[in-house]
Amino acid sequence: MTNKIIRRCIICGSDHHVPKFTYTWDFLTKVRWSPPDELRLYGWDENSTSTVVECSDCGCFYTRDVIAYPEAASVNELVTDHGGGDSSIENPRLYSRIDAAAWTIRNLIVLAAAGKTRGIKFMDFGAGNGTLCNIARALGVGTVVAYDPFSPPGEQAYRDRNFPGILHTRGLEKATAFGPFDAVACQSVIEHVLDPRETLATIYRLMAPGAYLYINNPYMPLDRELPALQAATKISKRDIISYYHQHHFNYMKPAHFERLAKEVGFTLTPMTYFPPVPFAPGMRMRCTIQHLKSLYRGLQHRLGINYGRQFYILRRE
Ligand SMILES: [Zn+2]
């Protein structure tokens, strides 16, 4: 038996909707690579379905009937791997990804520290395996909090894998007691939560006045990709449409995300997200392209031109 949570529109609260795409057992196990055993642990069975709809009033895509995760510890055990990922730095392709994360966190910390006469407080909201907290520690921040209700249960295991001194908690109350925070990161979270407005509001409450939030909202243009999704017989991890799966509940386009962020009280900043490349022999072309991309994105932000924006730095005034 499955337990469904029925949701209204995550942006406007309307219940007028048009079904767009239905996740089924067959789709998840045969077209996508979801292992049946894992699906069962998350509350699915052969008869379960979960449908992404389009709000008839504001146009936002969201999953209306979410299969509720069981409270069972088994889910938390699963998440140990889910959040862990491959953090091996032996893969040189990961260097640039870690560098991009370091660039983001560095900017966030420099922004948050401007004008401060005391040490700042950093939180990763939905910290997963702790990568961003490690970067904050490496940059010299004293108070670094890894908050994640689904993080691996063993505190010791978490400490063993991360830099010393990171305050790790699965409890929001404990996390709140460490704050308020001057810099918060929230990566790969908002698409997974049942109530994105409440999640953003919670983050807002955790922040000090003048604090900055780095947050990403993956751009999943379902209207454009629906034909490919419906026609797919096999989706691999490399395919762009592999981001359509039962753990993603929210498919906010930039305009929807920006509306939500503003309604919660945040101010959008025009920051861009291309880490610098050294201007060195053999890297001049990459360096030039990177600067041009930064310039182009910066202009788009300042002129308010919409595109598939995924990364934001928001400010709490
Ligand atoms: Zn709506």
# chains A, B, ... in the order shown; residues from 1 in each chain; ligands from 1
call {"tool": "select_by_dssp", "arguments": {"residues": "region 137-239 of chain A", "states": "helix (DSSP H, G or I)", "output": "PyMOL selection string"}}
result
chain A and resi 137-138+155-161+172-178+190-192+196-206+222-231
call {"tool": "write_last_selection", "arguments": {"atoms": "C-alpha atoms", "output": "mmCIF file, in the first residue's frame"}}
result
data_model
loop_
_atom_site.group_PDB
_atom_site.id
_atom_site.type_symbol
_atom_site.label_atom_id
_atom_site.label_comp_id
_atom_site.auth_asym_id
_atom_site.auth_seq_id
_atom_site.Cartn_x
_atom_site.Cartn_y
_atom_site.Cartn_z
ATOM 1 C CA ARG A 137 36.717 25.285 6.991
ATOM 2 C CA ALA A 138 39.644 25.398 4.575
ATOM 3 C CA GLU A 155 28.354 11.302 13.804
ATOM 4 C CA GLN A 156 31.711 9.592 14.081
ATOM 5 C CA ALA A 157 31.584 8.344 10.488
ATOM 6 C CA TYR A 158 30.792 11.881 9.380
ATOM 7 C CA ARG A 159 33.720 13.293 11.352
ATOM 8 C CA ASP A 160 36.092 10.668 9.990
ATOM 9 C CA ARG A 161 35.339 11.757 6.440
ATOM 10 C CA LEU A 172 16.936 21.835 12.981
ATOM 11 C CA GLU A 173 16.602 23.011 16.572
ATOM 12 C CA LYS A 174 20.259 22.257 17.292
ATOM 13 C CA ALA A 175 21.302 23.828 13.981
ATOM 14 C CA THR A 176 19.319 26.965 14.831
ATOM 15 C CA ALA A 177 21.066 27.251 18.195
ATOM 16 C CA PHE A 178 24.429 27.556 16.393
ATOM 17 C CA ILE A 190 15.033 22.668 -3.215
ATOM 18 C CA GLU A 191 13.933 20.255 -5.967
ATOM 19 C CA HIS A 192 13.552 17.513 -3.330
ATOM 20 C CA PRO A 196 9.898 24.781 -1.056
ATOM 21 C CA ARG A 197 8.319 27.966 0.292
ATOM 22 C CA GLU A 198 8.605 26.681 3.854
ATOM 23 C CA THR A 199 12.177 25.454 3.241
ATOM 24 C CA LEU A 200 13.235 28.876 1.924
ATOM 25 C CA ALA A 201 11.472 30.568 4.846
ATOM 26 C CA THR A 202 13.282 28.268 7.293
ATOM 27 C CA ILE A 203 16.618 29.205 5.732
ATOM 28 C CA TYR A 204 15.637 32.877 5.896
ATOM 29 C CA ARG A 205 14.927 32.565 9.620
ATOM 30 C CA LEU A 206 18.318 30.890 10.167
ATOM 31 C CA LEU A 222 9.537 19.829 -18.813
ATOM 32 C CA ASP A 223 7.408 21.485 -21.482
ATOM 33 C CA ARG A 224 10.322 21.374 -23.934
ATOM 34 C CA GLU A 225 11.613 17.947 -22.909
ATOM 35 C CA LEU A 226 8.269 16.180 -22.516
ATOM 36 C CA PRO A 227 8.287 14.618 -26.010
ATOM 37 C CA ALA A 228 11.759 13.149 -25.405
ATOM 38 C CA LEU A 229 10.718 11.911 -21.962
ATOM 39 C CA GLN A 230 7.576 10.249 -23.307
ATOM 40 C CA ALA A 231 9.401 8.660 -26.230
#
call {"tool": "closest_atom_pairs", "arguments": {"of": "chain A", "to": "ligand 1", "cutoff": "6 Å", "atoms": "only C-alpha atoms and all ligand atoms", "output": "Markdown table"}}
result
| residue | atom | partner | partner_atom_place_in_ligand_line | distance |
| --- | --- | --- | --- | --- |
| A:Cys9 | CA | ligand 1 | 1 (Zn) | 4.6 |
| A:Ile11 | CA | ligand 1 | 1 (Zn) | 5.1 |
| A:Cys12 | CA | ligand 1 | 1 (Zn) | 4.1 |
| A:Gly13 | CA | ligand 1 | 1 (Zn) | 5.8 |
| A:Ser14 | CA | ligand 1 | 1 (Zn) | 5.3 |
| A:Cys55 | CA | ligand 1 | 1 (Zn) | 4.6 |
| A:Asp57 | CA | ligand 1 | 1 (Zn) | 5.0 |
| A:Cys58 | CA | ligand 1 | 1 (Zn) | 4.0 |
| A:Gly59 | CA | ligand 1 | 1 (Zn) | 5.9 |
| A:Cys60 | CA | ligand 1 | 1 (Zn) | 5.6 |
call {"tool": "residues_around", "arguments": {"residues": "Lys293 (chain A)", "least_positions_apart": "6", "cutoff": "10 Å", "atoms": "only C-alpha atoms", "output": "VMD selection string"}}
result
chain A and resid 272 to 274 287 299
call {"tool": "write_last_selection", "arguments": {"atoms": "N, CA and C atoms", "output": "PDB file, in the first residue's frame"}}
result
ATOM      1  N   THR A 272      27.562  36.062 -10.890  1.00  0.00           N
ATOM      2  CA  THR A 272      27.708  35.008 -11.895  1.00  0.00           C
ATOM      3  C   THR A 272      28.623  33.905 -11.352  1.00  0.00           C
ATOM      4  N   TYR A 273      28.644  32.804 -12.053  1.00  0.00           N
ATOM      5  CA  TYR A 273      29.246  31.600 -11.473  1.00  0.00           C
ATOM      6  C   TYR A 273      30.280  30.904 -12.326  1.00  0.00           C
ATOM      7  N   PHE A 274      31.224  31.650 -12.852  1.00  0.00           N
ATOM      8  CA  PHE A 274      32.264  30.979 -13.620  1.00  0.00           C
ATOM      9  C   PHE A 274      33.596  31.166 -12.920  1.00  0.00           C
ATOM     10  N   CYS A 287      40.568  30.579 -20.653  1.00  0.00           N
ATOM     11  CA  CYS A 287      40.499  31.774 -19.810  1.00  0.00           C
ATOM     12  C   CYS A 287      39.629  32.845 -20.478  1.00  0.00           C
ATOM     13  N   LEU A 299      25.728  40.633 -17.753  1.00  0.00           N
ATOM     14  CA  LEU A 299      24.856  41.563 -18.482  1.00  0.00           C
ATOM     15  C   LEU A 299      23.413  41.082 -18.438  1.00  0.00           C
TER      16      LEU A 299
END
call {"tool": "closest_residue", "arguments": {"among": "A:Leu111, A:Ala136, A:Leu41, A:Val52", "to": "Pro19 (chain A)", "atoms": "only C-alpha atoms"}}
result
A:Val52
call {"tool": "closest_residue", "arguments": {"among": "A:Thr131, A:Asn250, A:Thr169, A:Asn3", "to": "Pro221 (chain A)", "atoms": "only C-alpha atoms"}}
result
A:Asn250
call {"tool": "closest_residue", "arguments": {"among": "A:Cys133, A:Tyr244, A:Thr29, A:His256", "to": "Thr51 (chain A)", "atoms": "only C-alpha atoms"}}
result
A:Tyr244
call {"tool": "atom_distance", "arguments": {"atom1": "CA of Ala185 (chain A)", "atom2": "CA of Tyr219 (chain A)"}}
result
18.1 Å
call {"tool": "residues_around", "arguments": {"residues": "Pro276 (chain A)", "least_positions_apart": "3", "cutoff": "10 Å", "atoms": "only C-alpha atoms", "output": "JSON, numbers by chain"}}
result
{"A": [99, 100, 103, 273, 279, 286, 287, 288, 290, 291, 294]}
call {"tool": "write_last_selection", "arguments": {"atoms": "C-alpha atoms", "output": "short mmCIF file (atom, residue, chain, number, x, y, z; two decimals), in the first residue's frame"}}
result
data_model
loop_
_atom_site.label_atom_id
_atom_site.label_comp_id
_atom_site.auth_asym_id
_atom_site.auth_seq_id
_atom_site.Cartn_x
_atom_site.Cartn_y
_atom_site.Cartn_z
CA ASP A 99 37.13 24.36 -7.86
CA ALA A 100 33.74 25.70 -8.96
CA TRP A 103 34.87 29.59 -5.95
CA TYR A 273 29.25 31.60 -11.47
CA PHE A 279 45.93 33.02 -17.75
CA ARG A 286 39.72 28.66 -21.78
CA CYS A 287 40.50 31.77 -19.81
CA THR A 288 39.09 34.07 -22.53
CA GLN A 290 35.43 31.98 -19.15
CA HIS A 291 35.69 35.78 -18.98
CA SER A 294 31.02 35.84 -17.02
#
call {"tool": "residues_around", "arguments": {"residues": "Gly265 (chain A)", "least_positions_apart": "4", "cutoff": "10 Å", "atoms": "only C-alpha atoms", "output": "list in words"}}
result
Leu200, Ala201, Tyr204, Arg259, Leu260, Ala261, Leu314, Arg315, Arg316 and Glu317 of chain A
call {"tool": "closest_residue", "arguments": {"among": "A:Phe122, A:Phe150, A:Phe249, A:Phe163", "to": "Ala211 (chain A)", "atoms": "only C-alpha atoms"}}
result
A:Phe122
call {"tool": "select_by_dssp", "arguments": {"residues": "region 62-278 of chain A", "states": "strand (DSSP E)", "output": "PyMOL selection string"}}
result
chain A and resi 62-63+65-67+121-125+143-147+167-169+181-186+207-216+250-251+267-268
call {"tool": "write_last_selection", "arguments": {"atoms": "C-alpha atoms", "output": "PDB file, in the first residue's frame"}}
result
ATOM      1  CA  TYR A  62       5.425  20.133  -9.714  1.00  0.00           C
ATOM      2  CA  THR A  63       4.620  16.605  -8.586  1.00  0.00           C
ATOM      3  CA  ASP A  65       0.847  13.260  -5.659  1.00  0.00           C
ATOM      4  CA  VAL A  66       4.109  12.432  -3.955  1.00  0.00           C
ATOM      5  CA  ILE A  67       4.738   8.941  -2.604  1.00  0.00           C
ATOM      6  CA  LYS A 121      29.047  31.641  10.800  1.00  0.00           C
ATOM      7  CA  PHE A 122      28.539  29.312   7.845  1.00  0.00           C
ATOM      8  CA  MET A 123      25.868  26.665   7.382  1.00  0.00           C
ATOM      9  CA  ASP A 124      25.335  24.091   4.678  1.00  0.00           C
ATOM     10  CA  PHE A 125      21.583  23.424   4.676  1.00  0.00           C
ATOM     11  CA  THR A 143      31.780  28.188  12.931  1.00  0.00           C
ATOM     12  CA  VAL A 144      30.774  25.747  10.210  1.00  0.00           C
ATOM     13  CA  VAL A 145      27.516  23.823  10.595  1.00  0.00           C
ATOM     14  CA  ALA A 146      26.540  20.831   8.468  1.00  0.00           C
ATOM     15  CA  TYR A 147      22.780  20.480   8.791  1.00  0.00           C
ATOM     16  CA  LEU A 167      29.403  21.003  13.725  1.00  0.00           C
ATOM     17  CA  HIS A 168      27.195  18.273  12.309  1.00  0.00           C
ATOM     18  CA  THR A 169      23.537  17.852  13.153  1.00  0.00           C
ATOM     19  CA  PHE A 181      24.284  32.434  10.042  1.00  0.00           C
ATOM     20  CA  ASP A 182      26.061  34.982   7.872  1.00  0.00           C
ATOM     21  CA  ALA A 183      26.551  32.625   4.931  1.00  0.00           C
ATOM     22  CA  VAL A 184      24.368  29.662   4.002  1.00  0.00           C
ATOM     23  CA  ALA A 185      24.699  27.195   1.159  1.00  0.00           C
ATOM     24  CA  CYS A 186      21.798  25.071  -0.049  1.00  0.00           C
ATOM     25  CA  MET A 207      20.130  33.834   8.592  1.00  0.00           C
ATOM     26  CA  ALA A 208      21.383  37.028  10.183  1.00  0.00           C
ATOM     27  CA  PRO A 209      20.339  40.354   8.642  1.00  0.00           C
ATOM     28  CA  GLY A 210      22.690  41.105   5.721  1.00  0.00           C
ATOM     29  CA  ALA A 211      23.552  37.412   5.301  1.00  0.00           C
ATOM     30  CA  TYR A 212      23.964  35.671   1.936  1.00  0.00           C
ATOM     31  CA  LEU A 213      22.537  32.405   0.653  1.00  0.00           C
ATOM     32  CA  TYR A 214      23.964  30.383  -2.224  1.00  0.00           C
ATOM     33  CA  ILE A 215      21.248  28.150  -3.654  1.00  0.00           C
ATOM     34  CA  ASN A 216      20.761  26.221  -6.867  1.00  0.00           C
ATOM     35  CA  ASN A 250       9.663  20.582  -7.837  1.00  0.00           C
ATOM     36  CA  TYR A 251      10.374  21.710 -11.403  1.00  0.00           C
ATOM     37  CA  THR A 267      16.872  39.991  -2.529  1.00  0.00           C
ATOM     38  CA  LEU A 268      18.397  38.513  -5.690  1.00  0.00           C
TER      39      LEU A 268
END
call {"tool": "atom_distance", "arguments": {"atom1": "CA of Asp37 (chain A)", "atom2": "CA of His247 (chain A)"}}
result
15.1 Å
